[in-house]
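Chemist: Take this structure, written in structure tokens, and hold onto it; I'll ask about it next.
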Amino acid sequence: MTDLGAGIGIRYLLETRYDRDDLGGQPREHFSRAPAFKEYPPDTRRVKLPAVAEQFKADFWALVKERRSLRDYLDRPLSLVELAGLLWATQGVTLTYRNFAFRAVPSAGALYPVETYVAVHQVTGLDPGIWHFQVREFGLELVNPGDWRRELVAAGLNQSFLGTAAVVFIWSGILRRSLWKYRQRAIRYLFLDAGQICQNLHLAATALELGCCPVGAFFDGEVERLLQIDGQEEVALYLAAVGRVG
Ligand SMILES: Cc1cc2nc3c(=O)[nH]c(=O)nc-3n(C[C@H](O)[C@H](O)[C@H](O)COP(=O)(O)O)c2cc1C
């Protein structure tokens with residue numbers, strides 16, 4: 001017996017354990033399946049991202065050693081090539097096989113429930129706003145144009161580096177993409193997927209000599225409003241600021 005109590009988090013862990021005689025989720029629930037890729041209307045503004053630059057090279061072991069969460073950013077933009085490299089490292093397609101588009105980061109059941117958005121503050125050649133990463137086309141779709149720095153800082157519990165960052169990555173989860181397969185246990189995998197994605201971003205930012213800081217402290221509803229997602233079928237999961245450092 002422990003004194004951890006029976007709060008919702010503890011109950012979640014206990015009720016979603018796999019045991020030999022019970023793979024969780026009793027009574028068995030059935031969920032419809034969400035499409036593998038998010039589609040925006042055809043008239044959405046789109047930008048094609050440049051190919052990942054040949055000159056992006058780094059020593060993996062040095063990157064692991066050097067990676068730190070950095071929060072003091074210079075007032076200087078990122079290039080589109082740098083942003084493309086960061087996006088590719090997080091969710092770029094690295095292998096196409098039959099109907100699967102395998103990505104730079106693993107995903108439970110190759111279901112890829114995590115969507116990537118970037119709040120663009122300062123990227124050369126890209127208007128400020130919330131852009132959605134279109135995985136298949138390796139492009140960006142403008143979902144909420146404008147300068148959202150003030151709102152993002154407020155949504156992030158007043159963490160000011162969310163406003164001085166050149167871009168803020170924002171990850172959401174589309175629950176039905178994995179609930180149909182893993183039922184309630186899917187939520188564990190959703191956060192594990194997001195963690196792996198953020199770590200690739202962090203290492204890629206380190207390789208490009210950029211600063212990066214993950215952010216788990218935010219008002220969910222405020223972030224979801226910026227992304228224009230409903231907070232039920234698709235929920236905010238995790239943020240990471242990226243900017244130039246001295
Ligand atoms: C899930 C998660 C949430 C985090 N949330 C925040 C945050 O809201 N604000 C912040 O400044 N740092 C945040 N961090 C960064 C941690 O503070 C940082 O990783 C930790 O201090 C260790 O430092 P290092 O990353 O430089 O090794 C978060 C890190 C993780 C993994």
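A note on labels: chains of the structure tokens are A, B, ... as shown, every chain counts residues from 1, and ligands are counted from 1 in their shown order.
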Within 6 Å of ligand 1, which residues of chain A show up? Give each one with its shortest atom-to-atom distance in Å (one decimal) and the two atoms involved, counting only C-alpha atoms and all ligand atoms, rows by chain then rising residue number, as JSON lines.

Modeler:
{"residue": "A:Arg68", "atom": "CA", "partner": "ligand 1", "partner_atom_place_in_ligand_line": "26 (O)", "distance": 3.4}
{"residue": "A:Ser69", "atom": "CA", "partner": "ligand 1", "partner_atom_place_in_ligand_line": "26 (O)", "distance": 3.7}
{"residue": "A:Cys213", "atom": "CA", "partner": "ligand 1", "partner_atom_place_in_ligand_line": "15 (C)", "distance": 5.8}
{"residue": "A:Pro214", "atom": "CA", "partner": "ligand 1", "partner_atom_place_in_ligand_line": "28 (C)", "distance": 4.7}
{"residue": "A:Val215", "atom": "CA", "partner": "ligand 1", "partner_atom_place_in_ligand_line": "5 (N)", "distance": 3.6}
{"residue": "A:Gly216", "atom": "CA", "partner": "ligand 1", "partner_atom_place_in_ligand_line": "5 (N)", "distance": 3.9}
{"residue": "A:Ala217", "atom": "CA", "partner": "ligand 1", "partner_atom_place_in_ligand_line": "8 (O)", "distance": 4.0}

Chemist: Using only C-alpha atoms, I'd like a table of the residues in segment 14-102 of chain A that come within 12 Å of segment 179-201 of chain A; for each, show the closest atom pair and its distance in Å rounded to one decimal, ordered by chain and ascending number, as CSV.

Modeler:
residue,atom,partner,partner_atom,distance
A:Leu14,CA,A:Arg185,CA,10.5
A:Glu15,CA,A:Gln184,CA,8.6
A:Thr16,CA,A:Arg185,CA,5.2
A:Arg17,CA,A:Arg185,CA,7.7
A:Tyr18,CA,A:Arg185,CA,8.8
A:Leu23,CA,A:Arg185,CA,9.2
A:Gly24,CA,A:Arg185,CA,7.6
A:Gly25,CA,A:Gln184,CA,6.2
A:Gln26,CA,A:Gln184,CA,9.8
A:Pro27,CA,A:Arg183,CA,10.6
A:Arg28,CA,A:Arg183,CA,8.2
A:Glu29,CA,A:Arg183,CA,6.7
A:His30,CA,A:Trp180,CA,6.2
A:Phe31,CA,A:Trp180,CA,4.6
A:Ser32,CA,A:Trp180,CA,6.1
A:Arg33,CA,A:Trp180,CA,5.8
A:Ala34,CA,A:Trp180,CA,8.7
A:Pro35,CA,A:Trp180,CA,11.6
A:Phe60,CA,A:Asn200,CA,11.4
A:Leu63,CA,A:Asn200,CA,10.9
A:Val64,CA,A:Gln199,CA,10.1
A:Arg67,CA,A:Gln199,CA,9.7
A:Arg68,CA,A:Gln199,CA,11.0
A:Ser69,CA,A:Gln199,CA,10.9
A:Glu82,CA,A:Leu201,CA,11.5
A:Leu83,CA,A:Leu201,CA,10.4
A:Ala84,CA,A:Leu201,CA,11.3
A:Gly85,CA,A:Leu201,CA,9.3
A:Leu86,CA,A:Leu201,CA,5.9
A:Leu87,CA,A:Leu201,CA,7.6
A:Trp88,CA,A:Leu201,CA,9.0
A:Ala89,CA,A:Asn200,CA,6.0
A:Thr90,CA,A:Ile197,CA,5.1
A:Gln91,CA,A:Ile197,CA,7.2
A:Gly92,CA,A:Ile197,CA,10.5

Chemist: Between A:Phe161, A:Tyr40, A:Phe100, A:Tyr238, which is the closest to Val143 of chain A once you count only C-alpha atoms?

Modeler: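 Closest candidate: A:Tyr40.
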
Chemist: Taking only segment 111-167 of chain A into account, list the residues labelled strand (DSSP E or B) by DSSP (computed from the backbone), as a list in words.

Modeler: Val114, Glu115, Thr116, Tyr117, Val118, Ala119, Val120, Val123, Leu126, Gly129, Ile130, Trp131, His132, Phe133, Gln134, Gly139, Leu140, Glu141, Leu142, Val143, Asn144, Pro145 and Val167 of chain A

Chemist: With C-alpha atoms retained, could you export that selection as a CSV table (one decimal), in the first residue's frame?

Modeler:
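Result file part-v7.csv:
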chain,number,residue,atom,x,y,z
A,114,VAL,CA,0.5,14.6,-32.8
A,115,GLU,CA,0.0,17.6,-35.0
A,116,THR,CA,2.7,20.4,-35.3
A,117,TYR,CA,2.0,24.1,-35.4
A,118,VAL,CA,4.5,26.9,-35.3
A,119,ALA,CA,3.8,30.4,-33.9
A,120,VAL,CA,6.0,32.4,-36.3
A,123,VAL,CA,11.2,34.0,-39.7
A,126,LEU,CA,7.2,34.1,-43.6
A,129,GLY,CA,1.0,33.9,-37.4
A,130,ILE,CA,0.1,30.4,-36.4
A,131,TRP,CA,1.1,28.0,-39.2
A,132,HIS,CA,0.2,24.3,-39.4
A,133,PHE,CA,2.9,21.8,-40.6
A,134,GLN,CA,1.6,19.8,-43.5
A,139,GLY,CA,4.8,22.8,-46.2
A,140,LEU,CA,3.0,25.2,-43.9
A,141,GLU,CA,-0.6,26.3,-43.9
A,142,LEU,CA,-1.6,29.6,-42.3
A,143,VAL,CA,-4.3,29.0,-39.8
A,144,ASN,CA,-4.3,32.2,-37.8
A,145,PRO,CA,-2.4,35.2,-39.2
A,167,VAL,CA,9.2,30.7,-33.3

Chemist: Can you pull out every residue within 10 Å of Ala101 of chain A, counting only C-alpha atoms, but drop anything in the same chain fewer than 4 positions away, and send it as a list in words?

Modeler: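 The neighbour list is Gly92, Val93, Thr94, Leu95, Thr96, Tyr97, Ala110, Leu111, Tyr112, Val135 and Arg136 of chain A.
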
Chemist: What is the distance, in Å and to one decimal place, between atom CA of Ala154 of chain A and atom CA of Leu227 of chain A?

Modeler: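 Value for the atom CA of Ala154 of chain A-atom CA of Leu227 of chain A distance: 14.7 Å.
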
Chemist: Just how far from atom CA of Ala207 of chain A is atom CA of Gly246 of chain A, in Å to one decimal?

Modeler: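 Taking atom CA of Gly246 of chain A as the start and atom CA of Ala207 of chain A as the end point, the length is 14.6 Å.
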
Chemist: Would you mind writing down, as a ChimeraX atom specification, each residue of segment 22-240 of chain A that DSSP on the backbone assigns to alpha helix (DSSP H)?

Modeler: /A:60-66,80-91,149-155,161-164,176-182,186-207,220-227
